[in-house]
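Chemist: This is the content of coords39.txt (compact mmCIF, C-alpha atoms and all ligand atoms):
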# COMPACT_ATOMS: atom_id res chain seq x y z
CA MET M 1 -4.97 -16.61 17.83
CA ARG M 2 -6.33 -15.09 14.64
CA VAL M 3 -9.06 -13.18 16.57
CA TRP M 4 -6.51 -11.94 19.11
CA ARG M 5 -4.18 -10.74 16.36
CA ARG M 6 -7.01 -8.92 14.62
CA TRP M 7 -8.03 -7.23 17.91
CA PHE M 8 -4.42 -6.15 18.45
CA PHE M 9 -4.22 -4.82 14.91
CA LEU M 10 -7.43 -2.75 15.31
CA LYS M 11 -6.30 -1.45 18.69
CA VAL M 12 -2.99 -0.27 17.26
CA ALA M 13 -4.84 1.26 14.27
CA ALA M 14 -6.85 3.40 16.76
CA GLN M 15 -3.63 5.05 17.99
CA LYS M 16 -1.20 6.88 15.76
CA THR M 17 1.78 9.14 16.10
CA LEU M 18 1.09 12.84 15.70
CA GLU M 19 3.07 12.90 12.46
CA ARG M 20 0.84 10.22 10.95
CA VAL M 21 -2.35 11.84 12.20
CA ILE M 22 -1.45 15.08 10.39
CA SER M 23 -0.47 13.33 7.20
CA LYS M 24 -3.42 10.93 7.20
CA ALA M 25 -5.81 13.87 7.67
CA GLY M 26 -4.85 14.75 4.12
CA LEU M 27 -2.75 17.83 4.92
CA GLY M 28 0.56 16.63 3.52
CA SER M 29 3.29 14.02 3.59
CA ARG M 30 4.82 12.68 6.78
CA THR M 31 7.96 14.73 6.10
CA GLN M 32 5.88 17.90 5.81
CA ALA M 33 3.97 16.95 8.97
CA ARG M 34 7.27 16.67 10.92
CA THR M 35 8.33 20.13 9.71
CA TRP M 36 5.02 21.67 10.80
CA ILE M 37 5.15 19.96 14.19
CA HIS M 38 8.71 21.24 14.77
CA ALA M 39 7.52 24.72 13.70
CA ARG M 40 5.01 24.60 16.64
CA ARG M 41 1.97 24.78 14.35
CA VAL M 42 0.30 21.74 15.91
CA THR M 43 -1.51 21.48 19.26
CA VAL M 44 -2.89 18.52 21.13
CA ASN M 45 -5.67 19.31 23.60
CA GLY M 46 -4.72 23.00 23.36
CA LYS M 47 -0.97 22.57 24.02
CA VAL M 48 1.82 22.79 21.45
CA VAL M 49 3.45 19.40 20.94
CA GLU M 50 6.83 19.43 19.20
CA ASN M 51 7.40 15.68 19.18
CA PRO M 52 6.21 14.08 15.90
CA ASP M 53 6.26 10.65 17.60
CA HIS M 54 3.80 11.70 20.31
CA TRP M 55 1.01 9.05 20.46
CA ILE M 56 -2.51 10.25 19.72
CA ASP M 57 -5.52 8.39 21.02
CA PHE M 58 -8.45 9.17 18.71
CA ASP M 59 -10.99 8.65 21.51
CA ARG M 60 -9.38 11.22 23.78
CA ASP M 61 -7.11 13.69 22.00
CA LYS M 62 -8.11 16.80 20.01
CA VAL M 63 -5.52 17.83 17.45
CA ALA M 64 -5.42 21.29 15.83
CA PHE M 65 -3.29 22.70 13.01
CA ASP M 66 -2.70 26.48 12.92
CA GLY M 67 -5.43 26.75 15.56
CA LYS M 68 -8.04 24.89 13.48
CA PRO M 69 -9.33 21.53 14.68
CA LEU M 70 -8.29 18.78 12.33
CA GLU M 71 -11.16 17.84 10.14
CA VAL M 72 -11.61 14.27 9.17
CA SER M 73 -11.32 14.59 5.41
CA GLU M 74 -13.65 12.76 3.08
CA LYS M 75 -12.28 9.36 2.20
CA ILE M 76 -11.00 9.13 -1.34
CA TYR M 77 -9.76 6.13 -3.32
CA LEU M 78 -8.04 6.11 -6.65
CA LEU M 79 -6.37 3.65 -8.93
CA LEU M 80 -3.13 4.58 -10.71
CA HIS M 81 -1.49 2.68 -13.52
CA LYS M 82 2.06 3.06 -12.24
CA PRO M 83 4.65 3.01 -15.00
CA ALA M 84 8.00 1.29 -14.39
CA GLY M 85 10.64 3.80 -13.26
CA TYR M 86 8.47 5.56 -10.65
CA ILE M 87 8.87 5.02 -6.92
CA THR M 88 5.92 4.79 -4.55
CA THR M 89 7.29 7.05 -1.78
CA PHE M 90 6.51 10.78 -1.59
CA LYS M 91 10.09 11.98 -1.87
CA ASP M 92 13.17 10.27 -3.18
CA PRO M 93 16.58 11.38 -1.90
CA GLU M 94 17.96 10.39 -5.32
CA GLY M 95 15.45 12.64 -7.10
CA ARG M 96 13.79 9.87 -9.13
CA PRO M 97 10.20 10.40 -10.32
CA THR M 98 7.55 9.38 -7.81
CA VAL M 99 3.91 8.33 -8.26
CA TYR M 100 2.92 11.71 -6.80
CA ASP M 101 4.22 13.35 -9.98
CA LEU M 102 1.33 11.59 -11.75
CA LEU M 103 -1.50 12.65 -9.45
CA GLN M 104 -2.44 16.01 -10.96
CA GLY M 105 -5.90 17.06 -9.81
CA VAL M 106 -5.79 15.14 -6.51
CA GLU M 107 -6.10 17.80 -3.78
CA THR M 108 -6.02 15.53 -0.73
CA PHE M 109 -2.88 13.73 0.40
CA VAL M 110 -3.20 10.02 -0.35
CA SER M 111 -0.85 7.15 0.43
CA PRO M 112 -0.20 4.05 -1.66
CA VAL M 113 -1.85 0.83 -0.46
CA GLY M 114 1.28 -1.30 -0.28
CA ARG M 115 4.23 -0.81 -2.59
CA LEU M 116 5.37 -1.65 -6.05
CA ASP M 117 9.07 -1.84 -6.83
CA LEU M 118 10.67 0.85 -8.98
CA ASP M 119 10.74 -1.51 -11.97
CA THR M 120 7.23 -2.91 -11.47
CA SER M 121 4.31 -1.36 -13.32
CA GLY M 122 0.57 -1.71 -12.89
CA LEU M 123 -2.28 -1.24 -10.54
CA LEU M 124 -1.63 0.85 -7.44
CA ILE M 125 -4.46 2.01 -5.18
CA LEU M 126 -3.96 5.25 -3.25
CA THR M 127 -6.21 6.48 -0.47
CA ASN M 128 -6.45 8.59 2.67
CA ASP M 129 -8.47 5.81 4.35
CA ASN M 130 -5.98 4.42 6.78
CA GLN M 131 -8.03 1.49 7.99
CA PHE M 132 -8.79 0.38 4.43
CA ALA M 133 -5.08 0.56 3.53
CA GLU M 134 -3.96 -1.33 6.59
CA ARG M 135 -6.45 -4.14 6.04
CA MET M 136 -5.69 -4.39 2.33
CA THR M 137 -2.01 -4.95 3.11
CA ASN M 138 -2.52 -7.21 6.12
CA PRO M 139 -1.78 -10.78 4.91
CA GLU M 140 -4.41 -12.10 7.35
CA TYR M 141 -7.12 -10.73 5.06
CA HIS M 142 -5.75 -12.70 2.06
CA VAL M 143 -6.53 -10.03 -0.57
CA PRO M 144 -5.49 -11.62 -3.90
CA LYS M 145 -3.14 -9.65 -6.14
CA THR M 146 -2.50 -10.80 -9.69
CA TYR M 147 0.83 -10.19 -11.42
CA ARG M 148 1.74 -10.74 -15.04
CA VAL M 149 5.35 -11.82 -15.17
CA GLY M 150 7.52 -11.84 -18.26
CA CYS M 151 10.50 -14.08 -17.46
CA GLU M 152 13.91 -13.81 -19.13
CA GLY M 153 13.95 -17.52 -19.98
CA ALA M 154 11.32 -20.15 -20.78
CA VAL M 155 9.61 -21.59 -17.70
CA ALA M 156 9.44 -25.40 -17.56
CA ASP M 157 6.22 -27.12 -16.43
CA ASP M 158 7.84 -28.49 -13.27
CA ALA M 159 8.92 -24.93 -12.35
CA VAL M 160 5.28 -23.79 -12.72
CA GLN M 161 4.24 -26.66 -10.43
CA ALA M 162 6.89 -25.62 -7.88
CA LEU M 163 5.54 -22.05 -7.87
CA ARG M 164 2.02 -23.43 -7.34
CA ARG M 165 3.09 -25.57 -4.40
CA GLY M 166 5.26 -22.85 -2.83
CA VAL M 167 8.99 -22.21 -3.08
CA GLU M 168 11.58 -21.66 -0.37
CA LEU M 169 12.63 -18.01 0.12
CA SER M 170 15.09 -16.56 2.61
CA ASP M 171 12.14 -15.50 4.82
CA GLY M 172 10.32 -18.85 4.62
CA PRO M 173 8.28 -20.84 2.10
CA THR M 174 5.64 -19.09 0.00
CA ARG M 175 1.98 -20.03 0.34
CA PRO M 176 0.47 -22.14 -2.43
CA ALA M 177 -0.32 -19.78 -5.31
CA VAL M 178 -2.52 -19.81 -8.38
CA VAL M 179 -0.19 -19.79 -11.39
CA LYS M 180 -1.43 -19.67 -14.98
CA ARG M 181 0.82 -20.10 -17.97
CA ILE M 182 0.26 -17.49 -20.71
CA ASP M 183 3.13 -18.54 -22.99
CA ALA M 184 6.61 -20.10 -22.70
CA GLN M 185 8.04 -17.11 -20.78
CA THR M 186 4.93 -15.41 -19.40
CA LEU M 187 2.97 -16.35 -16.29
CA GLU M 188 0.13 -14.91 -14.26
CA ILE M 189 0.65 -15.36 -10.52
CA VAL M 190 -1.98 -14.66 -7.87
CA LEU M 191 -0.54 -13.99 -4.41
CA THR M 192 -2.30 -13.41 -1.11
CA GLU M 193 0.92 -12.47 0.68
CA GLY M 194 2.76 -9.21 0.16
CA ARG M 195 6.37 -9.92 0.94
CA ASN M 196 9.16 -7.68 -0.20
CA ARG M 197 10.03 -8.31 -3.88
CA GLN M 198 8.13 -11.58 -3.59
CA VAL M 199 7.45 -12.30 -7.26
CA ARG M 200 11.03 -11.50 -8.26
CA ARG M 201 12.38 -13.76 -5.52
CA MET M 202 9.98 -16.59 -6.44
CA ILE M 203 11.11 -16.45 -10.06
CA GLU M 204 14.76 -16.44 -8.93
CA ALA M 205 13.97 -19.50 -6.75
CA ILE M 206 13.07 -21.46 -9.91
CA GLY M 207 16.35 -20.40 -11.54
CA ASN M 208 14.91 -17.69 -13.80
CA GLN M 209 14.78 -13.86 -13.77
CA VAL M 210 11.94 -11.37 -14.09
CA GLY M 211 12.09 -9.30 -17.27
CA THR M 212 8.84 -7.36 -16.84
CA LEU M 213 6.42 -7.36 -13.92
CA THR M 214 2.95 -5.78 -13.96
CA ARG M 215 0.23 -5.96 -11.33
CA ILE M 216 -2.96 -6.37 -13.31
CA ARG M 217 -5.59 -6.99 -10.62
CA ILE M 218 -6.30 -6.54 -6.93
CA GLY M 219 -9.29 -8.53 -5.69
CA GLY M 220 -11.97 -8.05 -8.34
CA VAL M 221 -10.58 -4.74 -9.68
CA GLY M 222 -8.49 -4.94 -12.84
CA ILE M 223 -6.25 -2.38 -14.51
CA GLY M 224 -8.47 -2.54 -17.64
CA ALA M 225 -7.61 -0.14 -20.44
CA LEU M 226 -6.17 2.56 -18.16
CA GLU M 227 -2.97 3.84 -19.79
CA ALA M 228 0.35 3.78 -17.91
CA GLY M 229 0.76 7.06 -16.00
CA LYS M 230 -3.00 7.73 -15.76
CA TRP M 231 -5.28 7.45 -12.74
CA ARG M 232 -9.02 7.20 -12.13
CA TRP M 233 -11.33 7.29 -9.12
CA LEU M 234 -12.43 3.93 -7.79
CA ALA M 235 -16.21 3.58 -7.93
CA GLY M 236 -17.98 3.28 -4.55
CA GLN M 237 -19.00 -0.26 -5.42
CA GLU M 238 -15.40 -1.21 -6.24
CA VAL M 239 -14.25 0.13 -2.87
CA GLU M 240 -16.95 -1.83 -1.04
CA GLU M 241 -16.11 -5.00 -2.94
CA LEU M 242 -12.41 -4.58 -2.16
CA ARG M 243 -12.84 -3.58 1.51
CA PRO M 244 -11.61 -6.52 3.64
CA ARG M 245 -14.01 -7.35 6.50
N1 LIG M 301 6.52 -8.63 -6.24
C1 LIG M 301 7.69 -8.06 -6.60
O1 LIG M 301 8.70 -8.74 -6.72
N2 LIG M 301 7.70 -6.75 -6.83
C2 LIG M 301 6.61 -5.96 -6.76
O2 LIG M 301 6.69 -4.74 -7.00
C3 LIG M 301 5.40 -6.57 -6.38
C4 LIG M 301 5.39 -7.91 -6.13
Once more with this new file: its structure as C-alpha cells, please.
Ligand code: URA
Modeler:
Amino acid sequence: MRVWRRWFFLKVAAQKTLERVISKAGLGSRTQARTWIHARRVTVNGKVVENPDHWIDFDRDKVAFDGKPLEVSEKIYLLLHKPAGYITTFKDPEGRPTVYDLLQGVETFVSPVGRLDLDTSGLLILTNDNQFAERMTNPEYHVPKTYRVGCEGAVADDAVQALRRGVELSDGPTRPAVVKRIDAQTLEIVLTEGRNRQVRRMIEAIGNQVGTLTRIRIGGVGIGALEAGKWRWLAGQEVEELRPR
C-alpha cells in the first residue's frame, strides 16, 4: 500500500498544470502565471495555450514563455524566521504582510514548504524545488517538526501524557508525539504530521489555549540565532540531510 501510494505521488508530481509549471520555473507567482497565460504569452509545443489548468507532461511537452524555452532554474533553498503577523501566501486579499515582503535579495520565485498560521512564528523553508517541497510535506515521509508552545494556562502532567499518547481531533486522533515540558506553561512538541492548525487544536483538546507558537526545528535544522524577519540560505549539506528519500 505504502509503495503504491508513493508511486502514485511521484507519478502525479511528474505532471503539473501549466500555471504551476510557469510559477515553479521561478518566473512568478501562480496568479502572475495565470495572467501571462491568459495574455497568450505561453506556448506548449509551439502552440499558444490559454488554459492555466492545461496538464503538462514533463517527458513530452515543451513549454515556452515569450518565445523562450522555459529553463529549469537552479534549485534554491532558504530558511526564513517568520515573525507572527505574516501570512505564507504570495498575495493576501486583505492586504496583510506576507513572507514575500521579507525576501529582499531573492531573485527566483520560491514557495513555502508547508504553511505556518498567521500567528505562528519560526522556521519556514522556501524553495523552487517542487519535489523536495512535496516530500517534505507528505506525512508518509515523517519529517519531524518541533514547535515551542507557550500555553495560556499551566499544563498538568496528565495533559502532557495525553498529548504524548495522541488526542482526539475532529479529523481523527493524532499520532503519538514527543512532548517535552520546558516549564509550567511551555512545552516542546515534535510532530510528524502536518494537519491544519494541529498544535493549536491539540492544545485545545487538553482544555488549554495557545498563547505563542514558534516552530524551532525541522528535521535536524534549527532556527538558531536567526532574528525574526531575517532569512539565510540553507547549506547544501543541510538540504541533503533534510531531503526525504
Ligand atoms: N500547528 C499550528 O497549530 N499552527 C501552525 O502554524 C503550525 C502547526
Chemist: Can you pull out the residues contacting Ile203 of chain M? Cut-off 10 Å, using only C-alpha atoms, and skip same-chain residues under 2 positions away; I want them as a tab-separated table (two decimals) with C-alpha atoms, in the coordinates of the input.
Modeler:
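To be explicit, this is the file written out as part-v8.tsv:
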chain	number	residue	atom	x	y	z
M	149	VAL	CA	5.35	-11.82	-15.17
M	151	CYS	CA	10.50	-14.08	-17.46
M	152	GLU	CA	13.91	-13.81	-19.13
M	155	VAL	CA	9.61	-21.59	-17.70
M	159	ALA	CA	8.92	-24.93	-12.35
M	160	VAL	CA	5.28	-23.79	-12.72
M	163	LEU	CA	5.54	-22.05	-7.87
M	167	VAL	CA	8.99	-22.21	-3.08
M	198	GLN	CA	8.13	-11.58	-3.59
M	199	VAL	CA	7.45	-12.30	-7.26
M	200	ARG	CA	11.03	-11.50	-8.26
M	201	ARG	CA	12.38	-13.76	-5.52
M	205	ALA	CA	13.97	-19.50	-6.75
M	206	ILE	CA	13.07	-21.46	-9.91
M	207	GLY	CA	16.35	-20.40	-11.54
M	208	ASN	CA	14.91	-17.69	-13.80
M	209	GLN	CA	14.78	-13.86	-13.77
M	210	VAL	CA	11.94	-11.37	-14.09
Chemist: Can you work out which residues are within 8 Å of ligand LIG 301 (chain M), considering all atoms listed in the file, and then hand them over as a PyMOL selection string?
Modeler: chain M and resi 115-121+147+194-202+213-215
Chemist: Keeping only C-alpha atoms, take the residues you just selected and write them out as a CSV table (one decimal), keeping the file's coordinate frame.
Modeler:
chain,number,residue,atom,x,y,z
M,115,ARG,CA,4.2,-0.8,-2.6
M,116,LEU,CA,5.4,-1.6,-6.0
M,117,ASP,CA,9.1,-1.8,-6.8
M,118,LEU,CA,10.7,0.8,-9.0
M,119,ASP,CA,10.7,-1.5,-12.0
M,120,THR,CA,7.2,-2.9,-11.5
M,121,SER,CA,4.3,-1.4,-13.3
M,147,TYR,CA,0.8,-10.2,-11.4
M,194,GLY,CA,2.8,-9.2,0.2
M,195,ARG,CA,6.4,-9.9,0.9
M,196,ASN,CA,9.2,-7.7,-0.2
M,197,ARG,CA,10.0,-8.3,-3.9
M,198,GLN,CA,8.1,-11.6,-3.6
M,199,VAL,CA,7.4,-12.3,-7.3
M,200,ARG,CA,11.0,-11.5,-8.3
M,201,ARG,CA,12.4,-13.8,-5.5
M,202,MET,CA,10.0,-16.6,-6.4
M,213,LEU,CA,6.4,-7.4,-13.9
M,214,THR,CA,3.0,-5.8,-14.0
M,215,ARG,CA,0.2,-6.0,-11.3
Chemist: Can you work out which one of M:Ile56, M:Val178, M:Leu79, M:Ile216 has the shortest atom-to-atom distance to Gly229 of chain M, counting all atoms listed in the file?
Modeler: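 Going through M:Ile56, M:Val178, M:Leu79, M:Ile216 one by one, the smallest distance to Gly229 of chain M is for M:Leu79.
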Chemist: So the first atom is atom CA of Leu191 of chain M and the second is atom CA of Lys145 of chain M; what is the distance between them in Å, to one decimal place?
Modeler: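 These atoms are spaced 5.3 Å apart.
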Chemist: Just want the 12 Å neighbourhood of segment 83-98 of chain M, counted on all atoms listed in the file, with same-chain residues fewer than 2 positions away dropped. Output as a ChimeraX atom specification.
Modeler: /M:23,28-32,80-81,100-103,109-126,211-215,226-231
Chemist: For those residues, write C-alpha atoms to a file as a compact mmCIF listing (two decimals), in the coordinates of the input.
Modeler:
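Written file, again34.txt:
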# COMPACT_ATOMS: atom_id res chain seq x y z
CA SER M 23 -0.47 13.33 7.20
CA GLY M 28 0.56 16.63 3.52
CA SER M 29 3.29 14.02 3.59
CA ARG M 30 4.82 12.68 6.78
CA THR M 31 7.96 14.73 6.10
CA GLN M 32 5.88 17.90 5.81
CA LEU M 80 -3.13 4.58 -10.71
CA HIS M 81 -1.49 2.68 -13.52
CA TYR M 100 2.92 11.71 -6.80
CA ASP M 101 4.22 13.35 -9.98
CA LEU M 102 1.33 11.59 -11.75
CA LEU M 103 -1.50 12.65 -9.45
CA PHE M 109 -2.88 13.73 0.40
CA VAL M 110 -3.20 10.02 -0.35
CA SER M 111 -0.85 7.15 0.43
CA PRO M 112 -0.20 4.05 -1.66
CA VAL M 113 -1.85 0.83 -0.46
CA GLY M 114 1.28 -1.30 -0.28
CA ARG M 115 4.23 -0.81 -2.59
CA LEU M 116 5.37 -1.65 -6.05
CA ASP M 117 9.07 -1.84 -6.83
CA LEU M 118 10.67 0.85 -8.98
CA ASP M 119 10.74 -1.51 -11.97
CA THR M 120 7.23 -2.91 -11.47
CA SER M 121 4.31 -1.36 -13.32
CA GLY M 122 0.57 -1.71 -12.89
CA LEU M 123 -2.28 -1.24 -10.54
CA LEU M 124 -1.63 0.85 -7.44
CA ILE M 125 -4.46 2.01 -5.18
CA LEU M 126 -3.96 5.25 -3.25
CA GLY M 211 12.09 -9.30 -17.27
CA THR M 212 8.84 -7.36 -16.84
CA LEU M 213 6.42 -7.36 -13.92
CA THR M 214 2.95 -5.78 -13.96
CA ARG M 215 0.23 -5.96 -11.33
CA LEU M 226 -6.17 2.56 -18.16
CA GLU M 227 -2.97 3.84 -19.79
CA ALA M 228 0.35 3.78 -17.91
CA GLY M 229 0.76 7.06 -16.00
CA LYS M 230 -3.00 7.73 -15.76
CA TRP M 231 -5.28 7.45 -12.74
Chemist: Nearest to Val48 of chain M: which of M:Val63, M:Ala156, M:Asp171, M:Arg34 is it, counting only C-alpha atoms?
Modeler: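 When distances to Val48 of chain M are compared using only C-alpha atoms, the smallest one comes from M:Val63.
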Chemist: Write out as a list in words the residues lying within 10 Å of Lys68 of chain M, counting all atoms listed in the file and excluding same-chain residues fewer than 4 positions away.
Modeler: Val42, Thr43, Val63 and Ala64 of chain M
Chemist: For C-alpha atoms, I'd like the residues from the last selection saved as a compact mmCIF listing (two decimals), keeping the file's coordinate frame.
Modeler:
# COMPACT_ATOMS: atom_id res chain seq x y z
CA VAL M 42 0.30 21.74 15.91
CA THR M 43 -1.51 21.48 19.26
CA VAL M 63 -5.52 17.83 17.45
CA ALA M 64 -5.42 21.29 15.83
Chemist: Return the padded bounding box of segment 168-177 of chain M as JSON: axis-aligned, built from all atoms listed in the file, 6 Å added on each side, with centre and edge lengths in Å to one decimal.
Modeler:
{"center_x": 7.4, "center_y": -18.8, "center_z": -0.2, "size_x": 27.4, "size_y": 18.6, "size_z": 22.1}
Chemist: Grab the atom CA of Ala39 of chain M to atom CA of Asn51 of chain M distance for me, in Å with one decimal place.
Modeler: 10.6 Å
Chemist: Would you mind telling me which residue in M:Ala25, M:Ile218, M:Ala184, M:Ala154 lies nearest to Ile76 of chain M when using all atoms listed in the file?
Modeler: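 Looking at the shortest contact to Ile76 of chain M, the residue is M:Ala25.
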Chemist: Can you pull out the residues contacting Val143 of chain M? Cut-off 12 Å, using all atoms listed in the file, and skip same-chain residues under 4 positions away; I want them as an MDAnalysis selection string.
Modeler: chainID M and resid 113:114 132:139 190:194 217:221 241:245
Chemist: Which of these residues is nearest to Gly26 of chain M, using all atoms listed in the file: M:Asp57, M:Arg40, M:Lys75, M:Arg164?
Modeler: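 For Gly26 of chain M, the nearest of the given residues is M:Lys75.
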Chemist: Any chance you could build segment 39-57 of chain M out to N, CA and C atoms and write it as a PDB file, keeping the file's coordinate frame?
Modeler:
ATOM      1  N   ALA M  39       7.757  23.256  13.800  1.00  0.00           N
ATOM      2  CA  ALA M  39       7.520  24.720  13.700  1.00  0.00           C
ATOM      3  C   ALA M  39       6.424  25.166  14.678  1.00  0.00           C
ATOM      4  N   ARG M  40       5.984  24.279  15.570  1.00  0.00           N
ATOM      5  CA  ARG M  40       5.010  24.600  16.640  1.00  0.00           C
ATOM      6  C   ARG M  40       3.635  24.989  16.090  1.00  0.00           C
ATOM      7  N   ARG M  41       3.273  24.425  14.938  1.00  0.00           N
ATOM      8  CA  ARG M  41       1.970  24.780  14.350  1.00  0.00           C
ATOM      9  C   ARG M  41       0.875  23.803  14.788  1.00  0.00           C
ATOM     10  N   VAL M  42       1.261  22.791  15.581  1.00  0.00           N
ATOM     11  CA  VAL M  42       0.300  21.740  15.910  1.00  0.00           C
ATOM     12  C   VAL M  42       0.070  21.691  17.427  1.00  0.00           C
ATOM     13  N   THR M  43      -1.207  21.642  17.830  1.00  0.00           N
ATOM     14  CA  THR M  43      -1.510  21.480  19.260  1.00  0.00           C
ATOM     15  C   THR M  43      -2.290  20.201  19.486  1.00  0.00           C
ATOM     16  N   VAL M  44      -2.102  19.676  20.702  1.00  0.00           N
ATOM     17  CA  VAL M  44      -2.890  18.520  21.130  1.00  0.00           C
ATOM     18  C   VAL M  44      -3.565  18.923  22.436  1.00  0.00           C
ATOM     19  N   ASN M  45      -4.870  18.889  22.436  1.00  0.00           N
ATOM     20  CA  ASN M  45      -5.670  19.310  23.600  1.00  0.00           C
ATOM     21  C   ASN M  45      -5.241  20.716  24.049  1.00  0.00           C
ATOM     22  N   GLY M  46      -5.008  21.581  23.073  1.00  0.00           N
ATOM     23  CA  GLY M  46      -4.720  23.000  23.360  1.00  0.00           C
ATOM     24  C   GLY M  46      -3.262  23.318  23.636  1.00  0.00           C
ATOM     25  N   LYS M  47      -2.395  22.306  23.717  1.00  0.00           N
ATOM     26  CA  LYS M  47      -0.970  22.570  24.020  1.00  0.00           C
ATOM     27  C   LYS M  47      -0.099  22.221  22.817  1.00  0.00           C
ATOM     28  N   VAL M  48       0.906  23.082  22.558  1.00  0.00           N
ATOM     29  CA  VAL M  48       1.820  22.790  21.450  1.00  0.00           C
ATOM     30  C   VAL M  48       2.579  21.506  21.758  1.00  0.00           C
ATOM     31  N   VAL M  49       2.632  20.615  20.784  1.00  0.00           N
ATOM     32  CA  VAL M  49       3.450  19.400  20.940  1.00  0.00           C
ATOM     33  C   VAL M  49       4.492  19.419  19.822  1.00  0.00           C
ATOM     34  N   GLU M  50       5.756  19.325  20.205  1.00  0.00           N
ATOM     35  CA  GLU M  50       6.830  19.430  19.200  1.00  0.00           C
ATOM     36  C   GLU M  50       7.406  18.063  18.830  1.00  0.00           C
ATOM     37  N   ASN M  51       6.865  17.010  19.456  1.00  0.00           N
ATOM     38  CA  ASN M  51       7.400  15.680  19.180  1.00  0.00           C
ATOM     39  C   ASN M  51       6.523  14.967  18.149  1.00  0.00           C
ATOM     40  N   PRO M  52       7.027  14.734  16.932  1.00  0.00           N
ATOM     41  CA  PRO M  52       6.210  14.080  15.900  1.00  0.00           C
ATOM     42  C   PRO M  52       5.811  12.658  16.271  1.00  0.00           C
ATOM     43  N   ASP M  53       6.558  12.042  17.218  1.00  0.00           N
ATOM     44  CA  ASP M  53       6.260  10.650  17.600  1.00  0.00           C
ATOM     45  C   ASP M  53       5.315  10.556  18.800  1.00  0.00           C
ATOM     46  N   HIS M  54       4.772  11.682  19.215  1.00  0.00           N
ATOM     47  CA  HIS M  54       3.800  11.700  20.310  1.00  0.00           C
ATOM     48  C   HIS M  54       2.584  10.844  19.916  1.00  0.00           C
ATOM     49  N   TRP M  55       2.143   9.934  20.801  1.00  0.00           N
ATOM     50  CA  TRP M  55       1.010   9.050  20.460  1.00  0.00           C
ATOM     51  C   TRP M  55      -0.307   9.780  20.649  1.00  0.00           C
ATOM     52  N   ILE M  56      -1.180   9.641  19.659  1.00  0.00           N
ATOM     53  CA  ILE M  56      -2.510  10.250  19.720  1.00  0.00           C
ATOM     54  C   ILE M  56      -3.536   9.134  19.866  1.00  0.00           C
ATOM     55  N   ASP M  57      -4.420   9.324  20.826  1.00  0.00           N
ATOM     56  CA  ASP M  57      -5.520   8.390  21.020  1.00  0.00           C
ATOM     57  C   ASP M  57      -6.772   9.064  20.457  1.00  0.00           C
TER      58      ASP M  57
END
